[in-house]
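Report on the structure given below.
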There are 4 protein chains.
Amino acid sequence: MKRKGPKYEKIIDAAVNVIAKHGYHQSQVSKIAKEAGVADGTIYLYFKNKEDLLVSVFNEKMGTFIEKTENELKSNDSAIEKLKTLVEMHFKQLTADFELSIVTQLELRQTNRQLRAKIGEVLKRYLNLIDSILKDGMDEGVFVRDMDYRLARQMIFGTIDETATNWVMNDHRYDLPALAGPVHQMLVNGLAIRSAQTETHS
Amino acid sequence: MKRKGPKYEKIIDAAVNVIAKHGYHQSQVSKIAKEAGVADGTIYLYFKNKEDLLVSVFNEKMGTFIEKTENELKSNDSAIEKLKTLVEMHFKQLTADFELSIVTQLELRQTNRQLRAKIGEVLKRYLNLIDSILKDGMDEGVFVRDMDYRLARQMIFGTIDETATNWVMNDHRYDLPALAGPVHQMLVNGLAIRSAQTETHS
Amino acid sequence: MKRKGPKYEKIIDAAVNVIAKHGYHQSQVSKIAKEAGVADGTIYLYFKNKEDLLVSVFNEKMGTFIEKTENELKSNDSAIEKLKTLVEMHFKQLTADFELSIVTQLELRQTNRQLRAKIGEVLKRYLNLIDSILKDGMDEGVFVRDMDYRLARQMIFGTIDETATNWVMNDHRYDLPALAGPVHQMLVNGLAIRSAQTETHS
Amino acid sequence: MKRKGPKYEKIIDAAVNVIAKHGYHQSQVSKIAKEAGVADGTIYLYFKNKEDLLVSVFNEKMGTFIEKTENELKSNDSAIEKLKTLVEMHFKQLTADFELSIVTQLELRQTNRQLRAKIGEVLKRYLNLIDSILKDGMDEGVFVRDMDYRLARQMIFGTIDETATNWVMNDHRYDLPALAGPVHQMLVNGLAIRSAQTETHS
DNA sequence: CATGAATGAGTGTTCATTCAT
DNA sequence: AATGAATGAACACTCATTCAT
């Protein structure tokens with residue numbers, strides 16, 4: 001099982017192209033092979049099976065996605081600024097690759113539980129990034145101290161993801177990175193007016 | 001095409017059971033028919049085809065889900081309290097029907113774009129509910145006035161949905177309704193400490 | 001098994017209509033029942049099964065067809081004139097009922113061997129008519145004496161049938177009865193010029 | 001879509017065998033594949049679908065049938081002799097392949113209109129052969145000059161086809177090629193005695 | 001390394017017929 | 001006599017994967 005080489009990457013990229021163009025359920029192995037310019041059987045020299053190929057697509061692309069985000073977060077910025085950077089990077093990177101945004105936001109979600117569990121594994125690195133920002137913020141004393149950090153992480157990721165998915169489903173018709181500011185604002189300050197007496201007691 | 005009667009409901013319920021137990025891709029029409037105690041062909045007296053059955057499952061179950069939520073929101077409560085009610089109803093109703101929660105949070109998302117488009121139609125009613133709460137809040141002067149209400153809606157739905165999905169993927173191991181308070185708190189007040197000078201400028 | 005009554009005939013006629021309009025393979029029992037204005041189950045009070053219905057359609061319609069031809073042949077005409085009458089009656093009757101012509105020439109031929117065997121039984125009466133004309137002609141001394149009468153019958157029926165089928169397949173676009181004369185002429189005198197020395201030796 | 005190779009021919013031949021043995025409506029793709037010694041899916045490497053396979057069966061077999069007849073007609077014989085050759089070739093070739101005769105005379109006629117339309121296309125080549133013989137005969141002055149050649153063609157084909165069909169339906173019990181002479185004789189000279197005053201006036 | 005022909009398991013849907021009312 | 005809801009057997013076609021070359 002070769003996991004690198006020029007054909008490995010050609011197949012990965014062909015998979016993204018084919019899935020973005022034809023949709024997940026119309027992305028047969030033979031179609032991906034043709035797009036990559038290799039024989040059907042060659043796919044199986046580089047990937048254990050189709051599921052392995054799809055997970056690898058997500059791995060490779062999300063790996064780069066996460067690394068770039070990690071690099072941007074290495075600054076000495078405050079947690080609040082880091083969160084802003086995270087949202088901006090997320091939206092910018094999706095905007096930089098329309099095909100990839102279709103594949104990750106729409107197509108790869110149509111997979112069975114097993115495949116999505118493996119995709120979830122990859123995502124953990126990204127969720128850890130969010131967790132560390134949250135921890136920083138709590139240590140800095142700017143984020144609510146007794147907050148359930150898992151819930152906070154789910155709010156951040158759920159909001160970013162839902163926003164991105166809506167953008168893709170609306171055919172990328174508007175400027176997603178321009179929403180990073182407002183989204184960040186809402187995550188940090190919530191819906192309620194700051195000056196108001198809006199504290200709720202759960 | 002009969003759209004009601006005891007068999008109609010038996011088939012809908014059988015579909016939920018089978019999908020929850022075996023997963024979307026292992027839910028053959030014959031399996032659903034057997035679970036419902038009817039012949040395969042009987043399915044087609046009540047539904048145009050398999051897709052129509054699956055959309056109907058979502059329609060029927062989400063219809064009830066949304067109606068119950070709508071009823072709870074008819075009070076004279078403030079927007080902030082209504083939002084709390086919405087989150088609570090969402091989590092309570094999913095908790096009341098484990099099987100349904102598996103079907104809506106995990107299995108029915110594995111469908112093709114066409115089916116998900118139809119599911120999206122049903123969801124619009126729910127998103128409208130959220131929008132009216134947001135509008136109330138802005139009218140009341142408790143929610144940020146110049147907020148992008150679509151983003152706010154995406155934050156609210158994205159957060160609730162992500163929280164619910166995590167709960168289902170963790171095999172319903174913890175008390176979801178207990179999270180309604182903290183989730184609501186975060187949505188309203190954000191991550192930042194109230195007293196702190198946390199205003200961001202986008 | 002009631003074999004008569006107003007519904008019996010309504011069903012027979014409905015079958016002809018439906019088959020002519022939708023084609024043999026799109027003529028479900030339920031469609032015929034609807035056209036006849038009766039319940040599906042009622043069909044089975046009058047006919048043993050679908051095959052029995054189709055055979056009955058052919059029986060009833062061809063029965064009338066044959067009887068009318070028989071009546072016209074009761075004259076004291078010569079065999080040659082009787083043959084002319086047979087061809088004329090054949091073409092006239094098909095022209096008088098376009099729907100029936102479609103059903104007998106095109107649609108009912110798409111049936112399995114078993115059904116066509118039963119249809120063949122009905123046709124025997126018609127073939128006997130031809131045989132008696134041939135016998136008359138041989139007795140009169142106008143038809144070749146040592147001719148194989150089965151072959152002659154097959155030539156007559158094959159020619160008439162092929163001519164009629166072509167007419168139906170050409171959407172009844174031309175005047176079929178007008179072809180009775182030329183067809184008769186060819187059957188009686190053959191392709192070769194009379195005066196010529198055209199005798200062949202087999 | 002491979003249209004040649006040993007498996008292509010094996011599948012064609014298997015289809016003829018299966019259809020002849022089990023009848024058109026009992027000739028499932030899986031049965032044909034088994035008879036051909038290939039997997040079901042292999043059929044679809046060589047044929048677009050089942051209809052394409054059946055049309056191809058007719059094409060291949062009738063193609064050879066027609067070519068052989070065309071070759072025999074390249075002589076300098078008179079039109080009357082050519083007609084004799086045509087009838088003889090027709091009967092001889094059917095006799096040479098009992099299975100094929102069952103398939104073409106009985107089974108392939110049970111198909112829907114669409115398929116028969118495609119079969120009709122192939123038959124046109126054969127009908128053209130008949131037309132050219134008729135034209136030759138009229139040019140030679142041996143066939144009636146003002147004859148409707150389409151009717152003449154229909155008489156010839158209708159007679160041959162009806163004769164062949166009867167032979168197949170009688171389980172090939174008699175010697176079909178032996179009938180070529182009498183059939184030809186009847187087609188050329190008609191039913192009436194040559195010496196008699198049998199001219200009819202239409 | 002690479003090929004691509006061959007494999008064969010798996011499933012939504014139709015419709016003739018029945019039978020309780 | 002008449003109904004029509006219910007039945008359930010039957011089948012063409014796809015596509016991930018293999019393996020001889």
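Following the order of the structure tokens, first chain is A, next is B, and so on, with residues numbered from 1 inside each chain and ligands from 1 in the order they appear.
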Q: Write out as a ChimeraX atom specification the residues lying within 12 Å of C:Asp52, counting only C-alpha atoms (C1' of nucleotides) and excluding same-chain residues fewer than 4 positions away.
A: /C:1,3,12,15,29,43-48,56-60,114-116,118-119
Q | Exercise answer, chain D residues close to chain C, 7 Å and only C-alpha atoms, as a ChimeraX atom specification | A | /D:109-112,142-144,151,154-155,158-159,162-163,181-183,185-193,196,200,202
Go through chain F residue by residue and, counting only C-alpha atoms (C1' of nucleotides), keep those with an atom at most 12 Å from chain D; for each kept residue give the shortest atom pair and its distance in Å to one decimal, ordered by chain and increasing number, as a tab-separated table.
residue	atom	partner	partner_atom	distance
F:DA10	C1'	D:Gln28	CA	10.3
F:DC11	C1'	D:Gln28	CA	7.4
F:DA12	C1'	D:Val29	CA	7.3
F:DC13	C1'	D:Gly41	CA	8.0
F:DT14	C1'	D:Gly41	CA	8.4
F:DC15	C1'	D:Gly41	CA	9.5
Once you have the residues from the selection above, write them out as a PDB file, in the first residue's frame, restricted to C-alpha atoms (C1' of nucleotides).
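The resulting file, part.pdb, is shown below:
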ATOM      1  C1'  DA F  10     -40.004 -11.791  -9.665  1.00  0.00           C
ATOM      2  C1'  DC F  11     -35.868  -9.202 -12.190  1.00  0.00           C
ATOM      3  C1'  DA F  12     -32.731  -5.846 -14.720  1.00  0.00           C
ATOM      4  C1'  DC F  13     -28.820  -3.460 -13.610  1.00  0.00           C
ATOM      5  C1'  DT F  14     -24.678  -1.254 -10.852  1.00  0.00           C
ATOM      6  C1'  DC F  15     -20.210  -1.016  -9.207  1.00  0.00           C
TER       7       DC F  15
END
Q | E:DA6 surroundings by only C-alpha atoms (C1' of nucleotides), 9 Å radius, close-in-sequence under 3 positions cut, as a list in words | A | Val38, Ala39, Gly41 and Thr42 of chain D; DT18 of chain F
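Every residue of chain E that lies within 10 Å of chain C is listed here, counting only C-alpha atoms (C1' of nucleotides): DC15, DA16, DT17, DT18 and DC19 of chain E.
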Q: Name the residues of stretch 15-183 of chain D that come out as alpha helix (DSSP H) in a backbone DSSP run; write them as a ChimeraX atom specification.
A: /D:15-22,29-36,40-46,50-72,79-96,98-105,113-140,149-169,180-183
Q. Contacts of B:Lys21 at 9 Å or less, counting only C-alpha atoms (C1' of nucleotides), minus same-chain residues fewer than 5 places along, as an MDAnalysis selection string?
A. chainID B and resid 16 27 99 102
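Atom to atom, atom C1' of F:DT17 and atom CA of D:Glu9 stand 26.4 Å apart.
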